[in-house]
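*Asks:* Input: one structure, supplied below.
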Amino acid sequence: MKNDEQAIRQVIEDWFAASKAGNLPAVLDLMTDDVVFMVPGQKPFGKKEFAAAFKQMEDIRIEGTSAIQEIRIFDDRAFLRNHIEM
């Protein structure tokens, strides 16, 4: 596995750990400003909307699994398609 792919997989692990701990600043630090979330039944949304939804769940324990479907790396950019169950 290439170093870039390993780093991307580590970000996913760190994301779940920070989410489980309720650490919103750490989660936000792991995403770019142009991140796009695609969730069934909703329009795509970005970082600002994610943060607002996360804040509304502060009393909820977060558990989940991640199944990376695709990772593509192009020079200094990468694309990740990930199926997350919460």
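For the structure tokens, the naming scheme is as follows: chains receive sequential letters (A, B, ...) according to their order of presentation, residues are indexed from 1 within each chain, and ligands are indexed from 1 in presentation order.
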Per DSSP on the backbone, filter chain A down to the residues in strand (DSSP E) and report them as number ranges by chain.
*Replies:* A: 65-74, 77-85
*Asks:* Hey, what's within 12 Å of segment 21-24 of chain A if we count only C-alpha atoms and toss same-chain stuff fewer than 5 positions away? As a PyMOL selection string, please?
*Replies:* chain A and resi 14-16+29-31+47-48+50-63
*Asks:* Keeping only C-alpha atoms, take the residues you just selected and write them out as an mmCIF file, in the first residue's frame.
*Replies:*
```cif
data_model
loop_
_atom_site.group_PDB
_atom_site.id
_atom_site.type_symbol
_atom_site.label_atom_id
_atom_site.label_comp_id
_atom_site.auth_asym_id
_atom_site.auth_seq_id
_atom_site.Cartn_x
_atom_site.Cartn_y
_atom_site.Cartn_z
ATOM 1 C CA ASP A 14 -8.659 9.373 13.341
ATOM 2 C CA TRP A 15 -12.045 10.703 12.192
ATOM 3 C CA PHE A 16 -13.910 7.862 13.878
ATOM 4 C CA ASP A 29 -9.397 19.700 11.222
ATOM 5 C CA LEU A 30 -9.454 16.405 9.326
ATOM 6 C CA MET A 31 -11.532 17.765 6.433
ATOM 7 C CA LYS A 47 -18.283 21.449 6.238
ATOM 8 C CA LYS A 48 -20.467 24.190 7.737
ATOM 9 C CA PHE A 50 -21.698 19.047 8.966
ATOM 10 C CA ALA A 51 -20.525 21.104 11.964
ATOM 11 C CA ALA A 52 -24.055 22.325 12.680
ATOM 12 C CA ALA A 53 -25.435 18.770 12.602
ATOM 13 C CA PHE A 54 -22.576 17.471 14.778
ATOM 14 C CA LYS A 55 -23.300 20.141 17.407
ATOM 15 C CA GLN A 56 -26.943 19.036 17.553
ATOM 16 C CA MET A 57 -25.801 15.514 18.466
ATOM 17 C CA GLU A 58 -23.578 16.427 21.424
ATOM 18 C CA ASP A 59 -25.536 14.197 23.826
ATOM 19 C CA ILE A 60 -25.555 11.247 21.428
ATOM 20 C CA ARG A 61 -22.886 8.549 21.524
ATOM 21 C CA ILE A 62 -21.482 8.009 18.041
ATOM 22 C CA GLU A 63 -20.536 4.521 16.882
#
```
*Asks:* Would you return as a PyMOL selection string the members of chain A that DSSP assigns to alpha helix (DSSP H) on this structure's backbone?
*Replies:* chain A and resi 3-20+24-29+47-56
*Asks:* Between atom CA of Phe45 of chain A and atom CA of Phe79 of chain A, what is the distance, to one decimal in Å?
*Replies:*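 Computed distance, atom CA of Phe45 of chain A to atom CA of Phe79 of chain A, equals 16.6 Å.
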*Asks:* Write out as a short mmCIF file (atom, residue, chain, number, x, y, z; two decimals) with N, CA and C atoms, in the first residue's frame the residues lying within 12 Å of Ser66 of chain A, counting only C-alpha atoms and excluding same-chain residues fewer than 3 positions away.
*Replies:*
```
data_model
loop_
_atom_site.label_atom_id
_atom_site.label_comp_id
_atom_site.auth_asym_id
_atom_site.auth_seq_id
_atom_site.Cartn_x
_atom_site.Cartn_y
_atom_site.Cartn_z
N ARG A 9 -6.15 6.35 4.87
CA ARG A 9 -6.81 5.38 5.76
C ARG A 9 -6.65 5.79 7.23
N GLN A 10 -5.52 6.38 7.58
CA GLN A 10 -5.30 6.85 8.95
C GLN A 10 -6.23 8.00 9.29
N VAL A 11 -6.48 8.88 8.31
CA VAL A 11 -7.42 9.99 8.53
C VAL A 11 -8.80 9.43 8.87
N ILE A 12 -9.22 8.39 8.18
CA ILE A 12 -10.53 7.78 8.46
C ILE A 12 -10.56 7.23 9.89
N GLU A 13 -9.51 6.55 10.30
CA GLU A 13 -9.44 6.03 11.68
C GLU A 13 -9.47 7.16 12.70
N ASP A 14 -8.69 8.22 12.44
CA ASP A 14 -8.66 9.37 13.34
C ASP A 14 -10.03 10.04 13.41
N TRP A 15 -10.70 10.10 12.27
CA TRP A 15 -12.05 10.70 12.19
C TRP A 15 -13.00 9.96 13.12
N PHE A 16 -13.01 8.63 13.03
CA PHE A 16 -13.91 7.86 13.88
C PHE A 16 -13.56 8.02 15.35
N ALA A 17 -12.30 8.06 15.68
CA ALA A 17 -11.89 8.24 17.08
C ALA A 17 -12.34 9.60 17.60
N GLU A 63 -21.22 5.77 17.21
CA GLU A 63 -20.54 4.52 16.88
C GLU A 63 -20.73 4.31 15.39
N GLN A 69 -14.66 2.29 -0.29
CA GLN A 69 -15.04 1.71 -1.57
C GLN A 69 -14.01 2.00 -2.65
N GLU A 70 -13.39 3.18 -2.54
CA GLU A 70 -12.48 3.61 -3.60
C GLU A 70 -11.57 4.71 -3.09
N LEU A 80 -11.86 10.03 -2.34
CA LEU A 80 -12.24 8.90 -1.50
C LEU A 80 -13.74 8.72 -1.58
N ARG A 81 -14.16 7.50 -1.81
CA ARG A 81 -15.58 7.14 -1.72
C ARG A 81 -15.67 6.12 -0.61
N ASN A 82 -16.46 6.45 0.40
CA ASN A 82 -16.48 5.69 1.64
C ASN A 82 -17.92 5.44 2.04
N HIS A 83 -18.25 4.21 2.41
CA HIS A 83 -19.57 3.89 2.93
C HIS A 83 -19.47 3.83 4.45
N ILE A 84 -20.22 4.70 5.10
CA ILE A 84 -20.19 4.79 6.56
C ILE A 84 -21.55 4.39 7.11
N GLU A 85 -21.54 3.53 8.08
CA GLU A 85 -22.76 3.18 8.80
C GLU A 85 -22.64 3.71 10.21
N MET A 86 -23.64 4.43 10.66
CA MET A 86 -23.64 5.04 11.99
C MET A 86 -24.75 4.44 12.82
#
```
*Asks:* Give me the residues near Ala78 of chain A as a list in words, where near means some atom within 12 Å (using only C-alpha atoms) and where sequence neighbours in that chain fewer than 3 positions away do not count.
*Replies:*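 Once the adjacent positions are removed, what remains is Asp4, Glu5, Ala7, Ile8, Arg9, Thr32, Val35, Glu70, Ile71, Arg72, Ile73, Phe74, Asp75 and Arg81 of chain A.
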*Asks:* Taking into account only C-alpha atoms, which residue in the set A:Glu49, A:Gln6, A:Ser19, A:Ile68 is nearest to Asp33 of chain A?
*Replies:*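 Ranking A:Glu49, A:Gln6, A:Ser19, A:Ile68 by distance to Asp33 of chain A, first place goes to A:Glu49.
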